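Single-structure report; data block below.
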Amino acid sequence: MVDPSGFEAFWFCAYTPLEILDAAGFTPRRLLGDKDGLEEADSYLHPAFCPYVRACLVEGLKNPTAHAAIFVNACDGMRRLHDAWKRLCGSDFIHLLDFPRRNDIHGLRTFQQSLSLLIDELEKFTGKRITLEDLRNAVNLRKEVRRHFHDLSQGSPGSERLKLAQKAQQLDPEEFLKLRAEKPWQAEGIPLVITGNLLNPSGLVALVEEHGVLLVGSDLCNGERPFMVEGEATGDTREELISSLAEQYLRRRHCARMSDAKRRHNQLLHLIREREARGVIYASLKFCDSYIYDYPLAEKFLGNEGIPLLRLESDYQDGHAGQLSTRIEAFVEMLRG
Amino acid sequence: MELLESLKDRFLDRLSPGLMRSALLWQSAEGLVRSPLNRPGWKADNVSLLYFLRYSRLAFQQKKPVIWASLLFPSELIHAGGLIPFYPEMAAAVISRLGLASRFLEKAAEEGLSSDACSFHRVIWGSYSEGFMPEPQLIATVNYLCDSAPLSFLRVSVLDNIPCRILEVPFEENEESIINLASQIEELAILLAKLSGKRWEDYLKDLRETLVLSNRAREHLLEVENMRRNFPYLLDGKDALGHLSVLASMFGHPSAIEFYKKLAKEMKERANEGGCTLSQGKPYRHILWMHLKPYYSDSIFTYLKEHGARVVCEEYNRCYWEEMDPSRPFISLAQKLASHFGIGPSEKRTNNILRLVKDHRIDGAIHFNHWGCRQSTGSTLQIKQALKEEGIPFLSLEGECIDEREYQEGQIRTRLEAFLESL
Ligand code: SF4
Ligand code: SF4
């Protein structure tokens with residue numbers, strides 16, 4: 001049995017149910033990976049693999065401290081990261097949760113089962129039962145974190161919003177809630193929404209902004225997406241609360257791994273209109289099949305709506321991102337028209 | 001291959017979506033298969049060829065509802081409804097075999113699909129867009145082996161409004177997760193029964209019957225596997241890998257029984273005649289092949305054979321499931337699906353490989369790293385390590401299953417040469 005207080009629980013995918021890790025007494029922290037050491041992953045994972053996954057493995061290999069690691073069965077990349085981590089990174093507690101692609105009754109049942117399984121395993125590990133009270137507190141705490149994120153990010157440009165989102169994902173929630181707004185933002189530029197998987201705030205995102213773009217929305221899994229949650233998880237019993245939490249995760253604004261492409265594209269369109277953006281940057285890390293297959297569909301959908309779109313790809317390090325300058329420039333010029 | 005050559009000669013220049021729907025193409029092809037001039041490598045090949053020609057004709061002519069299914073989707077469910085199963089990934093392999101892939105790969109690129117995607121699916125996009133795939137009434141996918149099918153098939157579903165369903169196999173196999181999967185399968189069965197126009201009771205009765213047929217085909221498949229263990233050089237890996245389409249789509253149909261029965265019988269006959277056992281007086285080296293092969297060229301296999309090695313076992317082309325209980329069709333199909341070695345952690349895959357190594361007295365193992373196939377390349381290093389511990393040389397061979405333009409003959413030869421030396 002392990003005392004979880006002060007024990008970090010590393011997580012990777014934005015669908016990780018943080019409330020449960022909080023309730024079990026862990027300090028959840030999202031890993032963003034060691035971007036600079038990417039090549040070191042070559043000995044363990046194929047180079048044509050999601051660079052976020054590869055960067056996380058490198059970070060894991062360098063981390064000798066006691067930790068728990070929670071994976072979500074979201075994609076081939078995450079599955080293989082889990083397998084490699086298990087062999088190579090010496091976690092005290094390691095778990096992979098199934099997360100459905102469908103958000104119907106079967107999907108809900110699958111995710112409820114996954115949450116219960118995770119809770120059982122955590123309880124076995126810590127020797128402490130997770131009570132209704134623990135879960136309620138955690139649900140409220142995460143609600144506070146989301147609210148605070150929205151307050152602080154008001155009016156901030158995209159790269160700042162990304163950095164803030166990353167802080168919310170990496171800091172102890174209590175620490176994050178202590179952060180205060182830095183200054184009122186006076187950002188200017190052509191308003192665009194950026195959509196994709198997970199991007200390097202000081203790489204491609206910063207580069208886009210350097211070209212006179214104001215990113216008014218960041219539909220990214222290390223951006224605003226995980227904070228745009230509708231409804232609340234409620235319940236009078238532990239079981240009710242768990243199943244309501246499962247439902248809330250399935251109702252979220254989704255990423256491209258989910259099957260409901262139409263709903264996702266409509267939500268994106270809504271965000272573009274709501275924020276009065278003049279176009280979209282569709283940017284994603286290389287080798288992410290979810291976004292590779294989604295792009296042509298999104299392009300067609302947004303094209304039919306008359307929304308201009310620029311496709312960019314990132315290797316996460318973004319050392320050569322400068323090469324994209326000409327294309328970004330041309331796009332911005334076109335919008336300035 | 002000769003048969004394919006004569007088909008190409010006759011039809012290639014005139015190939016159009018209209019021709020695919022015409023009875024002429026399919027009847028001529030069936031005629032060629034039946035002609036005494038056609039001498040297949042194995043008599044059983046005619047059984048599968050005739051089956052595929054017939055079902056392709058029915059699919060293109062839309063004689064009954066067409067169900068697009070991804071590789072692991074249980075064909076028994078479709079056959080029970082008397083519906084037309086169509087496995088686009090297998091069709092992509094045939095397109096590559098016929099040397100037609102590049103046109104469709106270009107079309108997919110035009111549509112914005114990145115060349116980092118698996119070329120099986122790029123060919124599916126391109127050929128569907130150009131009207132060379134039969135239109136489905138329902139799309140049925142599984143969340144394994146890889147992410148590609150559930151994502152790629154969305155194109156047809158989203159742009160052409162075709163209903164798409166996914167079976168989500170849980171990562172861990174336990175009682176609860178099997179029940180969950182069984183209920184997803186039952187839900188799909190209800191949909192298939194509706195499409196077939198059968199009453200639910202009749203569909204269920206027929207489903208039980210297809211499970212009986214599937215079990216019988218499995219028995220004969222096991223016989224074939226047994227023969228290969230005892231007479232490793234009878235059936236070469238390049239031919240055996242072609243049987244994957246039978247494994248994926250024919251179970252539950254009487255033709256699968258006929259196919260494996262004929263194959264086992266002919267193997268026995270050839271074994272009795274002495275078969276081929278030696279290479280210049282020495283036994284061949286036994287090679288295990290992992291993942292799929294290049295469909296447009298057999299040169300790797302020819303090279304191996306010329307250099308004293310034969311692929312005697314293929315990871316994908318195996319019976320991985322237990323006999324099913326026809327009185328519990330949904331639970332049985334759930335168990336069949338969940339027992340696949342590619343579903344779950346890499347350890348499951350690795351353990352299966354280690355078993356094959358022992359079973360087939362393997363001397364060396366080749367993993368074909370098909371570009372863009374994350375699920376398989378994601379576990380090669382773990383497999384390499386496990387094989388190293390057993391003292392089995394391992395070759396991780398970068399390549400392309402579908403796109404001939406990416407074939408690096410020279411590079412592949414150099415790597416094979418070094419590998420064979422290490423044996
Ligand atoms: S970016 Fe894509 S491939 Fe990478 S972990 Fe996320 S979903 Fe998976
Ligand atoms: S080759 Fe790999 S990526 Fe392509 S369809 Fe097959 S399993 Fe999926």
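Ordering of the structure tokens sets the chain letters (A, B, ...), residue numbers begin anew at 1 in every chain, and ligands are numbered from 1 in the order given.
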Could I get the residues of chain B with an atom no further than 9 Å from an atom of ligand 2, each paired with its nearest atom pair and that distance in Å to one decimal, using only C-alpha atoms and all ligand atoms, sorted by chain and residue number, as CSV?
residue,atom,partner,partner_atom_place_in_ligand_line,distance
B:Ser70,CA,ligand 2,5 (S),8.5
B:Leu71,CA,ligand 2,5 (S),7.8
B:Glu89,CA,ligand 2,5 (S),6.6
B:Ala117,CA,ligand 2,3 (S),7.7
B:Cys118,CA,ligand 2,4 (Fe),4.7
B:Ser119,CA,ligand 2,4 (Fe),6.8
B:Phe120,CA,ligand 2,4 (Fe),5.6
B:His121,CA,ligand 2,5 (S),6.6
B:Tyr144,CA,ligand 2,7 (S),7.8
B:Leu145,CA,ligand 2,7 (S),5.2
B:Cys146,CA,ligand 2,8 (Fe),4.5
B:Asp147,CA,ligand 2,8 (Fe),6.6
B:Ser148,CA,ligand 2,8 (Fe),5.3
B:Ala149,CA,ligand 2,5 (S),6.4
B:His291,CA,ligand 2,1 (S),7.7
B:Leu292,CA,ligand 2,1 (S),7.0
B:Asn369,CA,ligand 2,1 (S),8.9
B:His370,CA,ligand 2,1 (S),6.3
B:Trp371,CA,ligand 2,1 (S),8.0
B:Gly372,CA,ligand 2,3 (S),5.9
B:Cys373,CA,ligand 2,3 (S),3.6
B:Arg374,CA,ligand 2,3 (S),5.9
B:Gln375,CA,ligand 2,2 (Fe),6.1
B:Ser376,CA,ligand 2,2 (Fe),6.3
B:Thr377,CA,ligand 2,2 (Fe),8.5
B:Cys401,CA,ligand 2,1 (S),7.7
Within-9 Å residues of ligand 1, basis only C-alpha atoms and all ligand atoms, as JSON, numbers by chain:
{"A": [12, 13, 14, 49, 50, 51, 52, 53, 54, 74, 75, 76, 77, 78, 79, 81, 196, 197, 198, 199, 221, 255, 256, 257, 284, 285, 286, 287, 288, 289, 290, 291]}
Between chain A and chain B, at 8 Å or less, what are the per-residue closest atom pairs and their distances in Å? Count only C-alpha atoms, order by chain and rising residue number, and return it as a Markdown table.
| residue | atom | partner | partner_atom | distance |
| --- | --- | --- | --- | --- |
| A:Ser43 | CA | B:Leu381 | CA | 7.6 |
| A:Tyr44 | CA | B:Leu381 | CA | 5.9 |
| A:Leu45 | CA | B:Gly378 | CA | 6.0 |
| A:His46 | CA | B:Thr377 | CA | 6.3 |
| A:Ala48 | CA | B:Gly372 | CA | 7.1 |
| A:Phe49 | CA | B:Arg374 | CA | 6.7 |
| A:Asn73 | CA | B:Phe171 | CA | 7.9 |
| A:Cys75 | CA | B:Asp147 | CA | 6.4 |
| A:Asp76 | CA | B:Gln375 | CA | 5.5 |
| A:Gly77 | CA | B:Arg374 | CA | 7.1 |
| A:Arg79 | CA | B:Pro345 | CA | 7.4 |
| A:Arg80 | CA | B:Gly378 | CA | 5.7 |
| A:Asp83 | CA | B:Pro345 | CA | 6.3 |
| A:Ala84 | CA | B:Gln382 | CA | 7.9 |
| A:Asp98 | CA | B:Phe171 | CA | 6.5 |
| A:Pro100 | CA | B:Glu168 | CA | 6.8 |
| A:Arg101 | CA | B:Glu168 | CA | 7.8 |
| A:Arg102 | CA | B:Ile166 | CA | 7.5 |
| A:His106 | CA | B:Gln184 | CA | 6.9 |
| A:Arg109 | CA | B:Asn180 | CA | 7.8 |
| A:Thr110 | CA | B:Asn180 | CA | 7.3 |
| A:Arg257 | CA | B:Leu151 | CA | 7.4 |
| A:Ser259 | CA | B:Leu154 | CA | 7.5 |
| A:Ala261 | CA | B:Val158 | CA | 7.3 |
| A:Lys262 | CA | B:Val158 | CA | 7.1 |
| A:Phe287 | CA | B:Asp116 | CA | 6.4 |
| A:Asp289 | CA | B:Ala117 | CA | 6.7 |
| A:Ser290 | CA | B:Leu151 | CA | 6.6 |
| A:Ile292 | CA | B:Ser114 | CA | 6.2 |
| A:Tyr293 | CA | B:Ser152 | CA | 5.9 |
| A:Asp294 | CA | B:Leu151 | CA | 7.5 |
| A:Tyr295 | CA | B:Gly112 | CA | 7.2 |
| A:Pro296 | CA | B:Gly112 | CA | 5.1 |
| A:Leu297 | CA | B:Arg155 | CA | 6.9 |
Hey, what does DSSP flag as helix (DSSP H, G or I) within stretch 182-312 of chain A? Can you give it to me as a ChimeraX atom specification?
/A:201-210,225-227,238-251,261-274,289-304
By how many Å are atom CA of A:Leu204 and atom CA of A:Gly337 apart?
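Computed distance, atom CA of A:Leu204 to atom CA of A:Gly337, equals 23.5 Å.
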Write out as a ChimeraX atom specification the residues lying within 9 Å of A:Asp22, counting only C-alpha atoms and excluding same-chain residues fewer than 4 positions away.
/A:18,26-28,134-135,137-139,141
Atoms kept (N, CA, C and O atoms) for selection, written as a PDB file, in the first residue's frame:
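Result saved to result_21.pdb:
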ATOM      1  N   LEU A  18      -9.218  13.266 -14.658  1.00  0.00           N
ATOM      2  CA  LEU A  18      -8.390  13.818 -13.577  1.00  0.00           C
ATOM      3  C   LEU A  18      -9.103  13.781 -12.233  1.00  0.00           C
ATOM      4  O   LEU A  18      -8.469  13.616 -11.185  1.00  0.00           O
ATOM      5  N   PHE A  26      -3.780  11.565  -5.539  1.00  0.00           N
ATOM      6  CA  PHE A  26      -2.565  11.810  -6.329  1.00  0.00           C
ATOM      7  C   PHE A  26      -2.466  13.268  -6.765  1.00  0.00           C
ATOM      8  O   PHE A  26      -3.446  14.009  -6.705  1.00  0.00           O
ATOM      9  N   THR A  27      -1.295  13.651  -7.240  1.00  0.00           N
ATOM     10  CA  THR A  27      -1.139  14.949  -7.867  1.00  0.00           C
ATOM     11  C   THR A  27      -0.956  14.702  -9.367  1.00  0.00           C
ATOM     12  O   THR A  27       0.119  14.311  -9.807  1.00  0.00           O
ATOM     13  N   PRO A  28      -2.007  14.894 -10.133  1.00  0.00           N
ATOM     14  CA  PRO A  28      -1.885  14.605 -11.566  1.00  0.00           C
ATOM     15  C   PRO A  28      -1.040  15.663 -12.269  1.00  0.00           C
ATOM     16  O   PRO A  28      -1.120  16.847 -11.934  1.00  0.00           O
ATOM     17  N   ASP A 134     -14.993  12.341  -1.631  1.00  0.00           N
ATOM     18  CA  ASP A 134     -13.726  12.562  -2.361  1.00  0.00           C
ATOM     19  C   ASP A 134     -14.014  12.943  -3.816  1.00  0.00           C
ATOM     20  O   ASP A 134     -13.416  13.873  -4.356  1.00  0.00           O
ATOM     21  N   LEU A 135     -14.931  12.221  -4.418  1.00  0.00           N
ATOM     22  CA  LEU A 135     -15.226  12.463  -5.835  1.00  0.00           C
ATOM     23  C   LEU A 135     -15.880  13.831  -6.027  1.00  0.00           C
ATOM     24  O   LEU A 135     -15.535  14.574  -6.938  1.00  0.00           O
ATOM     25  N   ASN A 137     -15.591  16.480  -4.144  1.00  0.00           N
ATOM     26  CA  ASN A 137     -14.593  17.533  -3.972  1.00  0.00           C
ATOM     27  C   ASN A 137     -13.753  17.684  -5.238  1.00  0.00           C
ATOM     28  O   ASN A 137     -13.455  18.794  -5.673  1.00  0.00           O
ATOM     29  N   ALA A 138     -13.392  16.544  -5.802  1.00  0.00           N
ATOM     30  CA  ALA A 138     -12.539  16.581  -6.990  1.00  0.00           C
ATOM     31  C   ALA A 138     -13.274  17.197  -8.181  1.00  0.00           C
ATOM     32  O   ALA A 138     -12.707  17.988  -8.939  1.00  0.00           O
ATOM     33  N   VAL A 139     -14.539  16.839  -8.321  1.00  0.00           N
ATOM     34  CA  VAL A 139     -15.335  17.397  -9.423  1.00  0.00           C
ATOM     35  C   VAL A 139     -15.401  18.916  -9.281  1.00  0.00           C
ATOM     36  O   VAL A 139     -15.206  19.667 -10.242  1.00  0.00           O
ATOM     37  N   LEU A 141     -13.294  20.857  -7.622  1.00  0.00           N
ATOM     38  CA  LEU A 141     -11.960  21.426  -7.809  1.00  0.00           C
ATOM     39  C   LEU A 141     -11.658  21.617  -9.301  1.00  0.00           C
ATOM     40  O   LEU A 141     -11.187  22.664  -9.739  1.00  0.00           O
TER      41      LEU A 141
END
Just to confirm, what's the straight-line distance from atom CA of B:Ala256 to atom CA of B:Ile287 in Å (one decimal)?
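So the answer is 26.6 Å.
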Might you pull out every residue within 9 Å of B:Arg349, with only C-alpha atoms counted and same-chain residues fewer than 6 positions away left off, and present them as a list in words?
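Once the nearby chain positions are removed, what remains is His340, Phe341, Gly342, Ile343, Ser379 and Ile383 of chain B.
Near A:Pro308, within 8 Å and counting only C-alpha atoms, sit Arg278, Gly279, Val280, Leu302, Gly303, Gly306 and Leu310 of chain A; same-chain residues fewer than 2 positions away were not included.
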Neighbouring residues of A:Gly25 were defined as those with any atom within 6 Å, considering only C-alpha atoms; residues of the same chain fewer than 2 positions away were excluded. Please report them as an NGL selection string.
:A and (4-5 or 22-23)
Once you have the residues from the selection above, write them out as a compact mmCIF listing (two decimals), in the first residue's frame, restricted to N, CA, C and O atoms.
# COMPACT_ATOMS: atom_id res chain seq x y z
N PRO A 4 -0.53 8.10 -1.37
CA PRO A 4 -0.46 8.82 -2.64
C PRO A 4 -0.18 10.32 -2.50
O PRO A 4 0.03 10.99 -3.49
N SER A 5 -0.18 10.85 -1.26
CA SER A 5 -0.05 12.31 -1.16
C SER A 5 1.33 12.74 -1.65
O SER A 5 2.34 12.16 -1.28
N ASP A 22 -7.41 12.86 -8.66
CA ASP A 22 -7.47 13.78 -7.51
C ASP A 22 -8.11 13.07 -6.32
O ASP A 22 -7.59 13.12 -5.20
N ALA A 23 -9.25 12.43 -6.59
CA ALA A 23 -10.00 11.81 -5.50
C ALA A 23 -9.18 10.71 -4.82
O ALA A 23 -9.34 10.46 -3.63
